[in-house]
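Novice: Enclosed is the structure file query_10.cif (mmCIF, C-alpha atoms (C1' of nucleotides)).
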```cif
data_model
#
loop_
_atom_site.label_atom_id
_atom_site.label_comp_id
_atom_site.auth_asym_id
_atom_site.auth_seq_id
_atom_site.Cartn_x
_atom_site.Cartn_y
_atom_site.Cartn_z
CA MET U 1 -6.24 -10.33 -15.91
CA ALA U 2 -3.16 -9.25 -14.02
CA LYS U 3 -1.33 -5.96 -14.35
CA THR U 4 -0.85 -4.53 -17.79
CA THR U 5 2.06 -2.65 -19.26
CA VAL U 6 3.39 0.61 -17.90
CA GLU U 7 2.80 3.93 -19.56
CA GLN U 8 2.75 7.44 -18.32
CA GLY U 9 0.75 10.53 -18.95
CA ALA U 10 0.87 14.10 -17.77
CA ILE U 11 1.41 13.81 -14.02
CA ASP U 12 5.14 14.40 -14.05
CA SER U 13 5.55 15.78 -10.59
CA VAL U 14 8.39 14.72 -8.36
CA ALA U 15 5.78 13.21 -6.08
CA HIS U 16 4.57 10.97 -8.84
CA LEU U 17 8.09 9.90 -9.78
CA ILE U 18 8.69 8.95 -6.17
CA ALA U 19 5.50 6.91 -6.07
CA GLN U 20 6.51 5.10 -9.26
CA LEU U 21 9.98 4.40 -7.92
CA ARG U 22 8.63 3.01 -4.70
CA GLN U 23 6.30 0.69 -6.59
CA LYS U 24 9.14 -0.47 -8.80
CA LEU U 25 11.32 -1.17 -5.78
CA VAL U 26 8.65 -3.12 -3.94
CA GLU U 27 8.02 -5.21 -7.04
CA SER U 28 11.72 -5.96 -7.40
CA VAL U 29 12.10 -6.99 -3.79
CA GLU U 30 8.99 -9.13 -3.96
CA ARG U 31 10.32 -10.85 -7.04
CA GLU U 32 13.66 -11.56 -5.36
CA LEU U 33 12.10 -12.80 -2.15
CA ALA U 34 9.32 -14.89 -3.63
CA PRO U 35 11.45 -18.07 -3.81
CA LEU U 36 12.13 -17.71 -0.09
CA GLY U 37 8.44 -17.38 0.71
CA LEU U 38 8.69 -13.87 2.12
CA THR U 39 6.95 -10.67 1.04
CA HIS U 40 8.49 -7.22 1.07
CA ALA U 41 6.77 -6.17 4.28
CA GLN U 42 7.69 -9.42 5.99
CA PHE U 43 11.32 -9.14 4.92
CA VAL U 44 11.65 -5.69 6.49
CA VAL U 45 10.59 -7.04 9.88
CA VAL U 46 12.83 -10.09 9.64
CA ALA U 47 15.82 -7.96 8.63
CA GLN U 48 15.35 -5.47 11.45
CA LEU U 49 14.83 -8.26 13.93
CA ALA U 50 18.00 -10.00 12.77
CA ASN U 51 19.89 -6.73 13.15
CA GLY U 52 18.56 -6.21 16.65
CA MET U 53 16.88 -2.96 15.72
CA ALA U 54 13.67 -3.90 17.51
CA GLY U 55 12.42 -6.74 19.69
CA THR U 56 8.76 -6.10 20.46
CA PRO U 57 5.72 -5.11 18.40
CA VAL U 58 5.63 -1.58 19.76
CA GLU U 59 9.30 -1.11 18.94
CA PHE U 60 8.67 -2.24 15.37
CA CYS U 61 5.76 0.17 15.12
CA ARG U 62 8.02 3.06 16.08
CA LEU U 63 10.91 1.89 13.90
CA LEU U 64 8.83 1.37 10.79
CA ASN U 65 6.17 4.02 11.46
CA TYR U 66 3.50 1.34 11.47
CA ASP U 67 0.04 1.14 12.91
CA SER U 68 -0.20 -1.18 15.87
CA GLY U 69 -2.99 -3.32 14.46
CA ALA U 70 -1.22 -3.70 11.13
CA MET U 71 1.91 -4.82 12.95
CA THR U 72 0.01 -7.44 14.95
CA ARG U 73 -1.33 -8.98 11.76
CA LEU U 74 1.97 -8.75 9.90
CA LEU U 75 3.66 -10.56 12.79
CA ASP U 76 0.86 -13.14 12.71
CA ARG U 77 1.67 -13.97 9.12
CA ILE U 78 5.42 -14.17 9.68
CA GLU U 79 4.93 -16.33 12.76
CA GLU U 80 2.60 -18.60 10.82
CA LYS U 81 5.42 -19.18 8.34
CA GLY U 82 7.61 -20.32 11.22
CA VAL U 83 10.17 -17.55 10.74
CA ILE U 84 9.67 -15.69 14.02
CA ARG U 85 8.34 -16.58 17.46
CA ARG U 86 6.42 -14.59 20.09
CA VAL U 87 7.61 -14.93 23.68
CA ARG U 88 5.57 -13.27 26.40
CA SER U 89 7.82 -11.18 28.63
CA SER U 90 7.97 -12.10 32.30
CA LYS U 91 9.07 -8.65 33.49
CA ASP U 92 6.41 -6.62 31.70
CA ARG U 93 3.55 -8.96 31.07
CA ARG U 94 1.96 -6.57 28.56
CA SER U 95 4.97 -6.93 26.32
CA VAL U 96 5.72 -9.61 23.73
CA GLY U 97 9.29 -10.47 22.80
CA LEU U 98 10.04 -11.41 19.19
CA GLU U 99 12.75 -13.86 18.16
CA LEU U 100 13.90 -15.46 14.95
CA THR U 101 13.31 -19.20 14.86
CA ASP U 102 16.00 -21.55 13.55
CA LYS U 103 14.26 -21.34 10.21
CA GLY U 104 14.38 -17.57 10.38
CA ARG U 105 18.07 -17.54 11.24
CA ALA U 106 18.78 -19.89 8.38
CA LEU U 107 16.81 -17.72 5.99
CA TYR U 108 18.40 -14.40 6.78
CA PRO U 109 21.88 -14.81 5.20
CA SER U 110 20.35 -15.60 1.83
CA ILE U 111 18.17 -12.50 1.98
CA VAL U 112 20.93 -9.94 2.44
CA PRO U 113 22.65 -10.20 -0.95
CA LEU U 114 19.32 -10.10 -2.76
CA ILE U 115 18.38 -6.81 -1.15
CA LEU U 116 21.83 -5.29 -1.63
CA GLY U 117 21.53 -6.23 -5.29
CA VAL U 118 18.26 -4.37 -5.71
CA ASN U 119 19.71 -1.23 -4.13
CA LYS U 120 22.85 -1.49 -6.22
CA ARG U 121 20.94 -1.87 -9.49
CA LEU U 122 18.72 1.08 -8.56
CA LEU U 123 21.80 3.32 -8.55
CA ARG U 124 23.44 1.85 -11.62
CA GLY U 125 25.08 4.60 -13.64
CA PHE U 126 25.32 6.98 -10.68
CA SER U 127 28.73 8.30 -9.74
CA LYS U 128 29.70 8.44 -6.10
CA SER U 129 29.07 12.18 -5.90
CA GLU U 130 25.75 11.83 -7.68
CA SER U 131 24.61 9.20 -5.19
CA GLN U 132 25.59 11.45 -2.34
CA LEU U 133 23.76 14.39 -3.85
CA LEU U 134 20.69 12.27 -4.44
CA ASP U 135 20.81 11.11 -0.84
CA GLN U 136 20.94 14.72 0.32
CA PHE U 137 18.02 15.70 -1.89
CA LEU U 138 15.88 12.89 -0.53
CA ARG U 139 16.71 13.79 3.05
CA ARG U 140 15.94 17.43 2.45
CA MET U 141 12.52 16.54 1.06
CA LEU U 142 11.90 14.27 4.00
CA ALA U 143 12.73 17.13 6.36
CA ASN U 144 10.27 19.49 4.65
CA GLU U 145 6.81 19.89 6.08
CA THR U 146 4.27 18.88 3.50
CA MET Y 1 -3.64 2.84 19.40
CA ALA Y 2 -2.90 4.65 16.17
CA LYS Y 3 0.47 5.29 14.63
CA THR Y 4 3.29 6.33 16.91
CA THR Y 5 6.12 8.75 16.34
CA VAL Y 6 8.71 8.39 13.60
CA GLU Y 7 12.26 7.29 14.23
CA GLN Y 8 14.84 5.66 12.08
CA GLY Y 9 17.44 2.99 12.44
CA ALA Y 10 20.12 1.52 10.28
CA ILE Y 11 18.36 0.99 6.94
CA ASP Y 12 19.57 4.17 5.29
CA SER Y 13 19.49 3.05 1.70
CA VAL Y 14 18.13 5.23 -1.04
CA ALA Y 15 15.38 2.69 -1.44
CA HIS Y 16 14.30 3.20 2.14
CA LEU Y 17 14.37 6.98 1.82
CA ILE Y 18 12.13 6.69 -1.23
CA ALA Y 19 9.70 4.51 0.66
CA GLN Y 20 9.60 6.99 3.53
CA LEU Y 21 9.04 9.88 1.17
CA ARG Y 22 6.23 8.13 -0.58
CA GLN Y 23 4.53 7.41 2.73
CA LYS Y 24 4.93 11.01 3.81
CA LEU Y 25 3.43 12.23 0.55
CA VAL Y 26 0.43 9.92 0.70
CA GLU Y 27 -0.25 11.02 4.27
CA SER Y 28 -0.09 14.68 3.27
CA VAL Y 29 -2.44 14.23 0.36
CA GLU Y 30 -4.86 12.21 2.47
CA ARG Y 31 -4.84 14.95 5.10
CA GLU Y 32 -5.58 17.61 2.50
CA LEU Y 33 -8.30 15.62 0.80
CA ALA Y 34 -10.06 14.29 3.88
CA PRO Y 35 -12.44 17.28 4.16
CA LEU Y 36 -13.55 16.61 0.58
CA GLY Y 37 -14.24 12.96 1.32
CA LEU Y 38 -11.65 11.60 -1.09
CA THR Y 39 -8.69 9.33 -0.45
CA HIS Y 40 -5.33 9.56 -2.19
CA ALA Y 41 -6.05 6.68 -4.54
CA GLN Y 42 -9.50 8.03 -5.38
CA PHE Y 43 -8.13 11.50 -6.05
CA VAL Y 44 -5.66 10.18 -8.62
CA VAL Y 45 -8.44 8.62 -10.65
CA VAL Y 46 -10.66 11.69 -10.43
CA ALA Y 47 -7.79 13.97 -11.47
CA GLN Y 48 -6.83 11.85 -14.45
CA LEU Y 49 -10.45 11.53 -15.50
CA ALA Y 50 -10.93 15.30 -15.27
CA ASN Y 51 -7.83 15.78 -17.40
CA GLY Y 52 -9.06 13.33 -20.00
CA MET Y 53 -6.07 11.04 -19.51
CA ALA Y 54 -8.25 7.93 -19.42
CA GLY Y 55 -11.90 7.08 -19.87
CA THR Y 56 -12.34 3.39 -19.20
CA PRO Y 57 -11.18 0.98 -16.48
CA VAL Y 58 -8.61 -0.68 -18.71
CA GLU Y 59 -7.17 2.69 -19.68
CA PHE Y 60 -6.81 3.61 -16.03
CA CYS Y 61 -5.11 0.29 -15.36
CA ARG Y 62 -2.52 1.05 -18.02
CA LEU Y 63 -2.12 4.69 -17.00
CA LEU Y 64 -1.67 3.98 -13.32
CA ASN Y 65 -0.09 0.53 -13.63
CA TYR Y 66 -2.95 -0.97 -11.69
CA ASP Y 67 -4.37 -4.43 -11.39
CA SER Y 68 -7.72 -4.81 -13.10
CA GLY Y 69 -9.52 -6.14 -10.05
CA ALA Y 70 -8.17 -3.39 -7.83
CA MET Y 71 -9.35 -0.81 -10.33
CA THR Y 72 -12.87 -2.25 -10.44
CA ARG Y 73 -13.16 -1.93 -6.69
CA LEU Y 74 -11.57 1.52 -6.55
CA LEU Y 75 -14.08 2.71 -9.15
CA ASP Y 76 -16.86 1.08 -7.12
CA ARG Y 77 -15.97 3.21 -4.12
CA ILE Y 78 -15.69 6.45 -6.10
CA GLU Y 79 -18.96 5.76 -7.86
CA GLU Y 80 -20.64 5.03 -4.53
CA LYS Y 81 -19.58 8.50 -3.38
CA GLY Y 82 -21.38 9.93 -6.40
CA VAL Y 83 -18.25 11.45 -7.91
CA ILE Y 84 -18.07 9.36 -11.09
CA ARG Y 85 -20.54 7.40 -13.19
CA ARG Y 86 -20.20 4.22 -15.25
CA VAL Y 87 -21.78 4.26 -18.71
CA ARG Y 88 -21.78 1.07 -20.71
CA SER Y 89 -20.43 1.66 -24.19
CA SER Y 90 -22.75 0.96 -27.11
CA LYS Y 91 -19.96 0.45 -29.63
CA ASP Y 92 -17.88 -2.03 -27.66
CA ARG Y 93 -20.22 -3.64 -25.20
CA ARG Y 94 -17.33 -5.04 -23.14
CA SER Y 95 -16.20 -1.52 -22.37
CA VAL Y 96 -17.39 0.83 -19.62
CA GLY Y 97 -17.11 4.57 -20.05
CA LEU Y 98 -16.31 6.67 -17.00
CA GLU Y 99 -17.58 10.22 -16.47
CA LEU Y 100 -17.46 12.77 -13.70
CA THR Y 101 -20.87 13.50 -12.23
CA ASP Y 102 -21.92 17.06 -11.49
CA LYS Y 103 -20.67 16.51 -7.99
CA GLY Y 104 -17.33 15.31 -9.36
CA ARG Y 105 -17.00 18.30 -11.65
CA ALA Y 106 -17.79 20.62 -8.77
CA LEU Y 107 -15.21 18.91 -6.58
CA TYR Y 108 -12.28 18.98 -8.95
CA PRO Y 109 -11.36 22.69 -8.93
CA SER Y 110 -10.96 22.64 -5.16
CA ILE Y 111 -8.65 19.64 -5.36
CA VAL Y 112 -6.06 21.11 -7.70
CA PRO Y 113 -4.56 23.79 -5.43
CA LEU Y 114 -4.33 21.33 -2.53
CA ILE Y 115 -2.24 18.93 -4.56
CA LEU Y 116 -0.07 21.65 -6.07
CA GLY Y 117 0.57 22.84 -2.53
CA VAL Y 118 1.81 19.45 -1.40
CA ASN Y 119 4.20 19.22 -4.34
CA LYS Y 120 5.41 22.76 -3.77
CA ARG Y 121 6.08 22.20 -0.09
CA LEU Y 122 7.93 18.98 -0.89
CA LEU Y 123 10.46 20.98 -2.89
CA ARG Y 124 10.74 23.89 -0.48
CA GLY Y 125 14.32 25.08 -0.31
CA PHE Y 126 15.25 23.60 -3.69
CA SER Y 127 16.64 25.91 -6.33
CA LYS Y 128 15.42 25.57 -9.87
CA SER Y 129 18.56 23.73 -10.95
CA GLU Y 130 18.39 21.45 -7.94
CA SER Y 131 14.81 20.50 -8.76
CA GLN Y 132 15.80 19.73 -12.31
CA LEU Y 133 18.73 17.63 -11.20
CA LEU Y 134 16.53 15.77 -8.75
CA ASP Y 135 14.02 15.12 -11.49
CA GLN Y 136 16.80 13.68 -13.69
CA PHE Y 137 18.05 11.47 -10.88
CA LEU Y 138 14.60 10.05 -10.27
CA ARG Y 139 14.04 9.37 -13.95
CA ARG Y 140 17.41 7.69 -14.27
CA MET Y 141 16.58 5.37 -11.37
CA LEU Y 142 13.20 4.63 -12.92
CA ALA Y 143 14.93 3.68 -16.15
CA ASN Y 144 17.29 1.26 -14.42
CA GLU Y 145 16.43 -2.41 -14.33
CA THR Y 146 16.13 -3.53 -10.74
"C1'" DG F 1 -2.78 2.02 49.01
"C1'" DT F 2 -5.94 3.24 45.74
"C1'" DA F 3 -8.03 5.87 41.99
"C1'" DC F 4 -6.25 7.51 37.61
"C1'" DA F 5 -3.39 7.64 33.61
"C1'" DA F 6 -0.36 5.55 30.32
"C1'" DT F 7 1.37 1.52 27.82
"C1'" DT F 8 1.02 -2.86 25.28
"C1'" DA F 9 -1.01 -5.89 22.30
"C1'" DC F 10 -4.89 -6.95 20.28
"C1'" DT F 11 -9.71 -6.88 17.56
"C1'" DG F 12 -13.17 -5.13 14.21
"C1'" DC F 13 -13.94 -2.52 10.33
"C1'" DC F 14 -12.49 -0.10 6.48
"C1'" DC F 15 -9.60 1.10 2.03
"C1'" DA F 16 -5.94 -0.35 -1.07
"C1'" DG F 17 -3.66 -3.62 -4.15
"C1'" DG F 18 -2.04 -8.24 -6.51
"C1'" DC F 19 -3.14 -12.85 -8.56
"C1'" DA F 20 -6.09 -16.15 -10.62
"C1'" DG F 21 -10.07 -17.28 -12.75
"C1'" DT F 22 -14.70 -16.17 -15.31
"C1'" DA F 23 -18.35 -14.50 -18.51
"C1'" DT F 24 -19.18 -11.71 -22.24
"C1'" DA F 25 -17.99 -9.55 -26.30
"C1'" DA F 26 -14.95 -8.47 -30.11
"C1'" DT F 27 -11.36 -9.79 -33.33
"C1'" DT F 28 -8.63 -12.80 -36.05
"C1'" DG F 29 -7.41 -16.92 -38.96
"C1'" DC F 30 -8.73 -19.97 -41.95
"C1'" DG B 1 -18.95 -18.12 -41.57
"C1'" DC B 2 -17.08 -20.19 -37.67
"C1'" DA B 3 -13.59 -21.75 -34.34
"C1'" DA B 4 -9.98 -19.93 -31.72
"C1'" DT B 5 -7.91 -16.09 -29.68
"C1'" DT B 6 -7.91 -11.73 -27.39
"C1'" DA B 7 -9.92 -7.90 -24.72
"C1'" DT B 8 -12.84 -6.09 -21.05
"C1'" DA B 9 -14.70 -5.94 -16.71
"C1'" DC B 10 -15.59 -8.40 -13.04
"C1'" DT B 11 -15.29 -11.82 -8.71
"C1'" DG B 12 -12.97 -14.45 -4.93
"C1'" DC B 13 -9.20 -14.75 -2.08
"C1'" DC B 14 -5.02 -13.09 -0.28
"C1'" DT B 15 -1.52 -9.45 1.94
"C1'" DG B 16 -0.93 -4.94 3.52
"C1'" DG B 17 -2.23 -0.66 5.98
"C1'" DG B 18 -4.97 2.97 9.01
"C1'" DC B 19 -8.40 4.17 12.66
"C1'" DA B 20 -10.97 3.31 16.72
"C1'" DG B 21 -11.81 0.87 20.56
"C1'" DT B 22 -10.66 -2.79 24.30
"C1'" DA B 23 -8.56 -5.75 28.06
"C1'" DA B 24 -4.71 -6.34 30.72
"C1'" DT B 25 -0.88 -4.53 32.88
"C1'" DT B 26 2.10 -1.04 34.64
"C1'" DG B 27 3.19 3.49 36.36
"C1'" DT B 28 1.83 7.78 38.80
"C1'" DA B 29 -0.55 11.10 42.12
"C1'" DC B 30 -2.33 11.81 46.04
#
```
What does this structure look like when you write it as structure tokens?

Specialist:
Amino acid sequence: MAKTTVEQGAIDSVAHLIAQLRQKLVESVERELAPLGLTHAQFVVVAQLANGMAGTPVEFCRLLNYDSGAMTRLLDRIEEKGVIRRVRSSKDRRSVGLELTDKGRALYPSIVPLILGVNKRLLRGFSKSESQLLDQFLRRMLANET
Amino acid sequence: MAKTTVEQGAIDSVAHLIAQLRQKLVESVERELAPLGLTHAQFVVVAQLANGMAGTPVEFCRLLNYDSGAMTRLLDRIEEKGVIRRVRSSKDRRSVGLELTDKGRALYPSIVPLILGVNKRLLRGFSKSESQLLDQFLRRMLANET
DNA sequence: GTACAATTACTGCCCAGGCAGTATAATTGC
DNA sequence: GCAATTATACTGCCTGGGCAGTAATTGTAC
């Protein structure tokens, strides 16, 4: 049996709402990306690589707050799909450069609108000022020590 | 190497903020629960069981929107720690009843204040009306189709 | 220059979760 | 009453993460 229908009980904390939202978002992104053969986690790396936000495993770990071992294996899976490539650096021979393959570059443009769509639908019904207020609220919670 | 420091790049969408918040919350709860020997996922089951929100694996799957196989294994781990117990039902012999053990019942009261603390600190600096507005925003996003 | 420390990527081991398929038991249709 | 369907819990196999420890390389102190 796969997942059953959603319900909800008494745990109505903000924390729980956030957890539910995150799950919903991941599911949506996975659904959109499935035809392209990418998972949510894999998409994030590909997108950041395409945007030049990071170029080595350790940079991705810092950018995405990831464990180093988890990143190694995530990159393994993306590389195995032929979307990225590892290139050992000649300057610092500890370091590994990451590049999109031709396949990866071809894939990226079709990903962007899908992701923008998910974010847009998430905020459906929100006015501009409401979105801005929500953004502030989220940032304030992120800044709090928990 | 374990996780490195946090930073953030260009993905500033609400979706990404929600993902970051969720990660932060899970880490906080794990940190609080570690001395008690429970993980975040395990705590959720124990708490809902203590509150009588669910009593069988399939009920927990519905309550927490979980896959059935994942739930079986999660329950395995909690049972192995001696916190819960499986009792085969005599009425419906497919069904498995779940109960807190003495150890589980003893554990629960010390969990509650830890979790309330995390939620309280998350909302530090929020006025009552701000918290309510935030709650509405989150529920509205949850209700949107994505 | 050579010990020592830090950095990088990786591995093993664990927990967490989804999907597909299975055996058993209960329910439904007829 | 019995065949077909549904429900329940489970298993195998996969991706995704964290933690600890390691080998290789680089940087630093002296």

Novice: Selected by the PyMOL selection byres ((chain Y) within 8 of (chain F)) in the shown coordinates: which residues, as a list in words?

Specialist: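 This file gives the following for the PyMOL selection byres ((chain Y) within 8 of (chain F)): Ala41, Asp67, Ala70, Asp92, Arg93 and Arg94 of chain Y.
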
Novice: Show me which bits of chain B are within 10 Å of chain U, counting all atoms listed in the file, as JSON, numbers by chain.

Specialist: {"B": [7, 8, 9, 10, 15, 16, 17, 18, 19, 24, 25, 26]}

Novice: Can you list what the PyMOL selection byres ((chain U and resi 46-50) around 10) grabs from this structure, as a count of residues only?

Specialist: 32

Novice: Enter the distance from atom CA of U:Leu138 to atom CA of Y:Phe126, in Å, rounded to one decimal.

Specialist: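 So the two atoms, atom CA of U:Leu138 and atom CA of Y:Phe126, lie 11.2 Å apart.
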
Novice: Draw an axis-aligned box over all listed atoms of stretch 1-18 of chain B, pad each side with 8 Å, and write its centre and edge lengths in Å, one decimal, as AutoDock Vina command-line options.

Specialist:
```
--center_x -9.9 --center_y -9.4 --center_z -16.3 --size_x 34.0 --size_y 40.7 --size_z 66.6
```
